[in-house]
Structures are given as C-alpha cells and as structure tokens.
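Read the structure below first, then the notes.
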Amino acid sequence: MTIVPGVTARVPAKLNLQLAVGPRRADGYHGLVTVFHAVSLFDEVTAEAAGQDGVTVTGEGADRVPADQDNLALRAVTALRAAVGGAVRAAGVHVTIAKRIPVAAGLAGGSADAAGALVACNELWRSGLTQRQLVTVAAKVGSDVAFALLGGTAVGRGRGERLTPALAPATPYHWVLAFADGQLSTPEVYAALDRLRAAAKGAKGDRGDGQSPRAGARGERGDGQSPRAGGPRGVGPREIAEPNLDAALMTALRSGDPTRVGRAVSNDLQPAAVALFPALRKTLAAGLELGALGALVAGSGPTCAFLASNADRALDLAVSLSGAGVCRSVARVTGPVPGTVILPDLRTPKDPKTAR
Ligand code: C5P
C-alpha cells in the first residue's frame with residue numbers, strides 16, 4: 001500500500017430547490033423527491049496518516065462539531081475502511097476540517113465533511129474506488145453525503161441518496177444566503193412536519209390530506225398532489241401522498257431563466273422550520289421585499305436562500321439584507337458547482353491563512 005503524506009478535498013454546501021417530503025417510513029426516514037443544487041460555499045477536509053483515527057475542526061462553528069467518533073467525517077472513514085478492507089484496516093487517519101459551511105444550518109455541512117473524508121482517504125490510501133463505489137459507501141453514512149460527492153444539480157430520491165444528474169444549461173444562478181442566529185436539528189424539523197401534518201389532518205375532520213402547504217418561492221401554492229381520502233386518525237403512510245418531482249421547476253431549470261426558477265422553488269420542510277424558528281418568517285419576507293426572485297428555507301433550515309437575477313442584484317440584496325437586521329450574516333454564492341474535488345496542493349499548509 002502506498003501512503004501519500006496528506007490529501008485535501010474541497011466540498012460544497014447544497015440547497016434543495018425542491019424538497020418534497022412523503023410519509024414517515026418504518027425506518028424513521030421520510031421518502032423524498034428533492035432537487036439538490038451545490039453552491040460555492042466550501043469546507044476543506046484534509047486526511048493524513050496517523051497512529052489512530054482523530055479529527056480537528058477549525059473555522060465557522062467549529063466548537064459545535066463533535067470531535068469524536070460521532071463526527072460524520074470519522075464515520076465516513078470507518079465506512080470506507082470497511083468497504084476497502086485489506087491493508088487499510090490498520091491505517092489510522094487524522095482528519096482536519098476547515099469549516100466555512102455553518103453547522104446545523106440546512107446546508108448539509110456535516111454531509112459535506114463526510115464526502116470530503118471519503119474522497120481524501122480514497123486518495124490517501126490509493127484505494128482506487130470509483131465515484132460510483134464511493135456513492136454507495138456515502139449513502140450508508142448519511143442521506144446527503146452522496147450528493148456532496150457529485151455536486152451540480154441532481155434529483156434525489158429515496159432518503160435523498162438515489163441520485164440522477166439534472167440536465168440544465170451551465171448558466172450560474174446567483175444566490176444570497178442569510179445565516180440565522182441559531183441552529184435547527186434535522187430530525188426535530190422532520191418531527192415538527194409530522195406534527196403539523198397530523199394537526200392539519202385533525203382540523204379537517206379526517207377528510208383532508210394531512211399535507212402541509214408546499215412552501216417556498218412566493219408563499220403558499222398548491223402542491224399538485226392528490227389527497228387520499230379516509231383512513232384512520234393520525235398521520236401514517238396511508239394519509240400522505242408520495243412526493244413527485246415538480247415538472248415546472250425542471251422546465252424552469254432547463255430554461256436557465258432565474259425568474260422562472262425563483263417562482264418554482266419549494267420546500268415542504270419550510271412550514272416546520274418556520275414553526276420552530278419563527279424569526280425566519282421575517283427574513284423570508286424581507287428578502288422578497290428587497291427584490292429576490294425566489295426565497296426558501298435551505299433544507300431543514302434555519303439558513304434562508306434568495307435567488308437574484310445576476311451578480312449585481314445579488315450584491316445589492318446581500319447589502320440590503322444585512323442592513324435590515326433580519327439575519328446573523330449573509331454570503332453570496334453561485335450554483336451549480338462541482339462536487340468533491342481534491343485540491344492540487346497535497347500538503348496541508350502550516351499557516352491557517354493560506355489553508356483556505
Ligand atoms: O441521513 P441523515 O443522518 O442526514 O438524517 C438525519 C435525520 O433526519 C434522520 O435521522 C431523520 O430523522 C431525518 N430524515 C428523515 N428523512 C430523510 C432524511 C432525514 O426523516 N429523508
């Protein structure tokens with residue numbers, strides 16, 4: 001086995017341009033149809049040979065990332081080692097994560113770090129797993145890890161791990177991210193969605209669809225899913241329709257027209273995220289008032305994402321949003337960007353300023 005001294009991978013954050021959530025499954029997960037979109041906010045993950053596995057986290061929100069075996073990047077190392085077998089069974093790895101993607105923000109930062117660890121260790125160990133093989137390992141580590149490997153714009157099904165790249169023009173979309181002063185836990189947001197759906201169903205005297213309104217873009221709109229009538233009280237697999245890919249969003253993406261895309265974005269988790277983090281309502285409204293073409297909560301939140309028509313409008317929007325006092329900070333990003341890539345500089349620079 002040839003071991004190289006250290007490998008750094010760069011991994012993007014993601015948005016979900018559509019996040020359609022089906023019923024809770026027997027395994028506790030929810031069936032999804034989602035349109036992932038990788039954006040230019042990156043973590044860097046370095047893997048180096050070490051006596052035993054360990055992790056160091058620096059940068060944005062580093063103190064809130066577990067530095068033990070619960071760390072998703074270390075879980076990815078363990079999963080890859082099991083998949084590769086042979087000599088790497090005895091190979092310890094130290095993972096260093098330079099974070100720019102905020103923690104528990106709905107941008108899949110933990111999944112990004114896991115994807116970075118997979119790619120960096122695959123290179124470090126010269127294991128030679130193909131991207132397809134890495135995707136299989138990634139899917140076992142977390143629902144969003146496979147997409148962090150692939151990047152671009154892709155449709156995710158299942159828990160989000162079954163991916164099909166979306167064909168779309170290479171035109172970049174200009175987004176402004178509004179980071180919240182706080183965090184949301186993904187399982188808690190899914191649980192809140194289940195409760196909202198149960199309450200909505202109860203309020204309809206058991207006739208209704210148990211669906212929360214599809215939220216995003218310019219507020220509520222029809223979800224195009226046929227309600228299933230009847231069934232016992234409460235939310236179960238029978239009452240919530242299976243999610244469908246939004247044809248209007250896919251057409252908009254193929255057109256490359258940000259105005260159409262802005263109108264078509266949607267997120268079923270948004271009402272649940274807003275219920276748990278009511279300040280987001282004001283953030284979303286402010287962005288639309290300031291001219292965003294579309295607005296939505298990123299994944300399970302609490303980051304909000306706003307689409308602008310071009311780079312200049314994104315700059316205006318970012319400045320105005322930060323002045324409006326409706327978020328902790330803002331960032332301008334573009335998408336789609338590629339998934340996990342190995343950075344050409346194989347050695348980790350000692351100076352953290354040059355590590356970026
Ligand atoms: O797969 P991952 O560890 O990222 O998921 C975190 C949690 O989010 C899960 O334990 C589950 O509670 C919730 N989840 C879900 N349905 C999905 C993805 C995540 O309920 N499709």
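By order in the structure tokens, chains are A, B, ...; within a chain, residues start at 1; ligands start at 1, following the order shown.
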Self-check item: Expected selection as an MDAnalysis selection string for ligand 1 within 6 Å, only C-alpha atoms and all ligand atoms
Solution: chainID A and resid 28:32 142:144 159:160 186:187 190
Quiz item: as a ChimeraX atom specification, which residues of region 21-267 of chain A does DSSP assign to strand (DSSP E or B)?
Solution: /A:21-24,30-50,54-59,92-99,151,153-158,162-165,173-179,214-215,221,266-267
Select from region 184-203 of chain A every residue with an atom at most 12 Å from any atom of region 299-306 of chain A, then for each give the shortest pair of atoms and their distance in Å to one decimal, using only C-alpha atoms, rows by chain and rising number, as JSON lines.
```
{"residue": "A:Leu184", "atom": "CA", "partner": "A:Pro302", "partner_atom": "CA", "distance": 6.0}
{"residue": "A:Ser185", "atom": "CA", "partner": "A:Ser300", "partner_atom": "CA", "distance": 7.6}
{"residue": "A:Thr186", "atom": "CA", "partner": "A:Ser300", "partner_atom": "CA", "distance": 5.6}
{"residue": "A:Pro187", "atom": "CA", "partner": "A:Ser300", "partner_atom": "CA", "distance": 8.8}
{"residue": "A:Glu188", "atom": "CA", "partner": "A:Ser300", "partner_atom": "CA", "distance": 9.0}
{"residue": "A:Val189", "atom": "CA", "partner": "A:Ser300", "partner_atom": "CA", "distance": 6.2}
{"residue": "A:Tyr190", "atom": "CA", "partner": "A:Ser300", "partner_atom": "CA", "distance": 7.8}
{"residue": "A:Ala191", "atom": "CA", "partner": "A:Ser300", "partner_atom": "CA", "distance": 11.0}
{"residue": "A:Ala192", "atom": "CA", "partner": "A:Ser300", "partner_atom": "CA", "distance": 10.6}
{"residue": "A:Leu193", "atom": "CA", "partner": "A:Ser300", "partner_atom": "CA", "distance": 10.3}
```
Write the residues of the preceding selection, restricted to C-alpha atoms, as a compact mmCIF listing (two decimals), in the first residue's frame.
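part25.txt, freshly written:
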```txt
# COMPACT_ATOMS: atom_id res chain seq x y z
CA LEU A 184 -32.12 23.67 13.81
CA SER A 185 -31.83 19.91 14.25
CA THR A 186 -32.86 18.00 11.12
CA PRO A 187 -34.69 15.17 12.99
CA GLU A 188 -36.60 17.80 15.01
CA VAL A 189 -37.70 19.61 11.86
CA TYR A 190 -38.96 16.35 10.29
CA ALA A 191 -40.79 15.56 13.56
CA ALA A 192 -42.35 19.04 13.56
CA LEU A 193 -43.53 18.45 9.97
```
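Atom pair CA of Phe179 (chain A) / CA of Asn16 (chain A) has a distance of 15.8 Å (rounded to one decimal).
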Practice problem: Write out as number ranges by chain each polymer residue whose atoms come within 12 Å of Gly116 (chain A), counting only C-alpha atoms; drop sequence neighbours fewer than 5 positions from it. | Solution: A: 7-13, 42-47, 72-77, 80, 95-99, 109-111, 121-124, 134, 138, 145-150, 339-343
If you keep N, CA and C atoms, can you produce a file of those selected residues as a compact mmCIF listing (two decimals), in the first residue's frame?
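Okay, this is what ended up in result26.txt:
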```
# COMPACT_ATOMS: atom_id res chain seq x y z
N VAL A 7 -3.89 14.60 2.04
CA VAL A 7 -4.74 14.93 0.89
C VAL A 7 -5.86 15.85 1.37
N THR A 8 -6.07 16.94 0.62
CA THR A 8 -7.15 17.86 0.98
C THR A 8 -8.23 17.84 -0.11
N ALA A 9 -9.47 17.67 0.34
CA ALA A 9 -10.61 17.71 -0.58
C ALA A 9 -11.45 18.94 -0.26
N ARG A 10 -12.02 19.53 -1.30
CA ARG A 10 -12.90 20.69 -1.14
C ARG A 10 -14.32 20.26 -1.46
N VAL A 11 -15.26 20.59 -0.58
CA VAL A 11 -16.63 20.07 -0.72
C VAL A 11 -17.65 21.20 -0.60
N PRO A 12 -18.66 21.23 -1.49
CA PRO A 12 -19.63 22.32 -1.46
C PRO A 12 -20.80 22.09 -0.51
N ALA A 13 -21.44 23.20 -0.12
CA ALA A 13 -22.74 23.16 0.56
C ALA A 13 -23.82 22.89 -0.49
N PHE A 42 -17.67 26.37 0.63
CA PHE A 42 -16.94 25.11 0.70
C PHE A 42 -16.31 24.86 2.07
N ASP A 43 -16.32 23.60 2.49
CA ASP A 43 -15.44 23.14 3.56
C ASP A 43 -14.24 22.46 2.92
N GLU A 44 -13.12 22.44 3.66
CA GLU A 44 -11.95 21.70 3.20
C GLU A 44 -11.62 20.62 4.21
N VAL A 45 -11.41 19.43 3.70
CA VAL A 45 -11.19 18.27 4.57
C VAL A 45 -9.85 17.65 4.20
N THR A 46 -8.94 17.59 5.18
CA THR A 46 -7.62 17.01 4.94
C THR A 46 -7.48 15.70 5.69
N ALA A 47 -7.02 14.69 5.00
CA ALA A 47 -6.76 13.38 5.65
C ALA A 47 -5.26 13.13 5.64
N LEU A 72 -19.29 13.00 11.58
CA LEU A 72 -19.70 12.32 10.33
C LEU A 72 -18.50 11.98 9.45
N ALA A 73 -17.47 12.82 9.49
CA ALA A 73 -16.28 12.55 8.67
C ALA A 73 -15.57 11.29 9.17
N LEU A 74 -15.49 11.13 10.49
CA LEU A 74 -14.85 9.91 11.03
C LEU A 74 -15.72 8.68 10.74
N ARG A 75 -17.05 8.87 10.76
CA ARG A 75 -17.93 7.73 10.42
C ARG A 75 -17.70 7.34 8.95
N ALA A 76 -17.45 8.32 8.12
CA ALA A 76 -17.16 8.04 6.71
C ALA A 76 -15.85 7.28 6.57
N VAL A 77 -14.84 7.66 7.37
CA VAL A 77 -13.55 6.96 7.33
C VAL A 77 -13.77 5.49 7.70
N LEU A 80 -15.53 3.67 4.87
CA LEU A 80 -14.66 3.43 3.72
C LEU A 80 -13.66 2.31 4.03
N VAL A 95 -8.20 13.51 10.51
CA VAL A 95 -8.97 14.34 9.60
C VAL A 95 -9.00 15.77 10.16
N THR A 96 -8.63 16.74 9.33
CA THR A 96 -8.72 18.14 9.74
C THR A 96 -9.77 18.82 8.85
N ILE A 97 -10.76 19.43 9.50
CA ILE A 97 -11.86 20.05 8.74
C ILE A 97 -11.80 21.56 8.93
N ALA A 98 -11.63 22.27 7.83
CA ALA A 98 -11.69 23.74 7.87
C ALA A 98 -13.09 24.14 7.42
N LYS A 99 -13.91 24.60 8.38
CA LYS A 99 -15.32 24.83 8.08
C LYS A 99 -15.61 26.25 7.64
N GLY A 109 -23.60 20.66 5.81
CA GLY A 109 -22.18 20.80 6.10
C GLY A 109 -21.55 19.52 6.64
N GLY A 110 -22.26 18.82 7.52
CA GLY A 110 -21.73 17.56 8.06
C GLY A 110 -21.59 16.52 6.96
N SER A 111 -22.57 16.47 6.07
CA SER A 111 -22.50 15.53 4.94
C SER A 111 -21.36 15.89 4.02
N CYS A 121 -9.56 10.14 1.83
CA CYS A 121 -9.00 8.85 2.26
C CYS A 121 -8.84 7.88 1.09
N ASN A 122 -9.77 7.93 0.15
CA ASN A 122 -9.66 7.08 -1.04
C ASN A 122 -8.34 7.38 -1.75
N GLU A 123 -7.98 8.68 -1.77
CA GLU A 123 -6.72 9.10 -2.41
C GLU A 123 -5.52 8.76 -1.51
N LEU A 124 -5.66 9.06 -0.22
CA LEU A 124 -4.57 8.82 0.74
C LEU A 124 -4.15 7.36 0.72
N LEU A 134 -17.87 4.98 -4.33
CA LEU A 134 -17.88 5.92 -3.21
C LEU A 134 -19.31 6.35 -2.88
N ALA A 138 -21.12 6.32 0.61
CA ALA A 138 -21.67 7.59 1.10
C ALA A 138 -23.11 7.44 1.57
N VAL A 145 -24.88 12.70 1.77
CA VAL A 145 -23.44 12.55 1.53
C VAL A 145 -23.16 12.24 0.06
N ALA A 146 -24.01 11.40 -0.52
CA ALA A 146 -23.80 11.02 -1.93
C ALA A 146 -23.84 12.26 -2.82
N PHE A 147 -24.81 13.15 -2.56
CA PHE A 147 -24.87 14.35 -3.41
C PHE A 147 -23.64 15.24 -3.24
N ALA A 148 -23.11 15.32 -2.02
CA ALA A 148 -21.91 16.16 -1.80
C ALA A 148 -20.74 15.65 -2.64
N LEU A 149 -20.71 14.36 -2.93
CA LEU A 149 -19.66 13.82 -3.82
C LEU A 149 -19.86 14.32 -5.24
N LEU A 150 -21.13 14.26 -5.69
CA LEU A 150 -21.45 14.52 -7.10
C LEU A 150 -21.53 16.00 -7.44
N GLY A 339 -19.01 18.78 -7.32
CA GLY A 339 -18.98 18.13 -6.01
C GLY A 339 -17.57 18.11 -5.44
N THR A 340 -17.25 17.04 -4.72
CA THR A 340 -15.98 16.98 -4.00
C THR A 340 -14.80 16.87 -4.97
N VAL A 341 -13.82 17.76 -4.80
CA VAL A 341 -12.61 17.69 -5.64
C VAL A 341 -11.39 17.70 -4.73
N ILE A 342 -10.33 17.06 -5.21
CA ILE A 342 -9.07 17.07 -4.47
C ILE A 342 -8.31 18.33 -4.86
N LEU A 343 -7.85 19.06 -3.86
CA LEU A 343 -7.10 20.28 -4.16
C LEU A 343 -5.68 19.90 -4.58
```
Exercise. Determine, counting only C-alpha atoms, which protein, DNA and RNA residues have an atom within 6 Å of an atom of Thr334 (chain A); residues of the same chain fewer than 6 positions away are not included. Present the result as a list in words.
Key: Val39, Ser40, Tyr173, His174 and Trp175 of chain A
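The spacing separating CA of Gly59 (chain A) from CA of Ala104 (chain A) amounts to 14.3 Å.
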Practice problem: Mind the document's chain letters and residue numbers, and return as a ChimeraX atom specification the residues of region 78-233 of chain A that DSSP labels alpha helix (DSSP H). | Solution: /A:78-84,109-124,131-141,145-150,186-203
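Across A:Ala170, A:Val33, A:Leu41, A:Ala279, the tightest approach to Thr153 (chain A) is made by A:Ala170 when counting only C-alpha atoms.
Distance-wise, CA of Thr34 (chain A) and CA of Gly156 (chain A) end up 5.0 Å apart.
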Quiz prompt | Exercise: Phe277 (chain A) partners within 9 Å, only C-alpha atoms, chain neighbours under 3 positions left out, as a PyMOL selection string | solution = chain A and resi 182-184+272-274+280-281+301-302
Preceding selection exported with N, CA and C atoms as a PDB file, in the first residue's frame:
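Just written: again.pdb:
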```
ATOM      1  N   GLY A 182     -28.709  31.006  15.202  1.00  0.00           N
ATOM      2  CA  GLY A 182     -29.209  29.804  15.868  1.00  0.00           C
ATOM      3  C   GLY A 182     -29.137  28.634  14.922  1.00  0.00           C
ATOM      4  N   GLN A 183     -29.590  27.485  15.387  1.00  0.00           N
ATOM      5  CA  GLN A 183     -29.485  26.257  14.599  1.00  0.00           C
ATOM      6  C   GLN A 183     -30.813  25.514  14.637  1.00  0.00           C
ATOM      7  N   LEU A 184     -30.982  24.579  13.735  1.00  0.00           N
ATOM      8  CA  LEU A 184     -32.124  23.666  13.811  1.00  0.00           C
ATOM      9  C   LEU A 184     -31.605  22.246  13.636  1.00  0.00           C
ATOM     10  N   ALA A 272     -42.403  23.733   8.857  1.00  0.00           N
ATOM     11  CA  ALA A 272     -41.927  23.168  10.121  1.00  0.00           C
ATOM     12  C   ALA A 272     -40.737  23.976  10.652  1.00  0.00           C
ATOM     13  N   ALA A 273     -39.827  24.344   9.749  1.00  0.00           N
ATOM     14  CA  ALA A 273     -38.663  25.142  10.174  1.00  0.00           C
ATOM     15  C   ALA A 273     -39.129  26.495  10.717  1.00  0.00           C
ATOM     16  N   VAL A 274     -40.103  27.103  10.043  1.00  0.00           N
ATOM     17  CA  VAL A 274     -40.602  28.417  10.488  1.00  0.00           C
ATOM     18  C   VAL A 274     -41.337  28.278  11.825  1.00  0.00           C
ATOM     19  N   LEU A 280     -37.667  33.321  11.045  1.00  0.00           N
ATOM     20  CA  LEU A 280     -37.402  33.089   9.620  1.00  0.00           C
ATOM     21  C   LEU A 280     -38.479  33.710   8.729  1.00  0.00           C
ATOM     22  N   ARG A 281     -39.688  33.819   9.282  1.00  0.00           N
ATOM     23  CA  ARG A 281     -40.790  34.402   8.501  1.00  0.00           C
ATOM     24  C   ARG A 281     -40.401  35.817   8.038  1.00  0.00           C
ATOM     25  N   GLY A 301     -33.262  24.102   7.410  1.00  0.00           N
ATOM     26  CA  GLY A 301     -33.053  25.427   7.968  1.00  0.00           C
ATOM     27  C   GLY A 301     -32.013  25.420   9.085  1.00  0.00           C
ATOM     28  N   PRO A 302     -31.802  26.601   9.684  1.00  0.00           N
ATOM     29  CA  PRO A 302     -32.527  27.862   9.519  1.00  0.00           C
ATOM     30  C   PRO A 302     -31.933  28.837   8.500  1.00  0.00           C
TER      31      PRO A 302
END
```
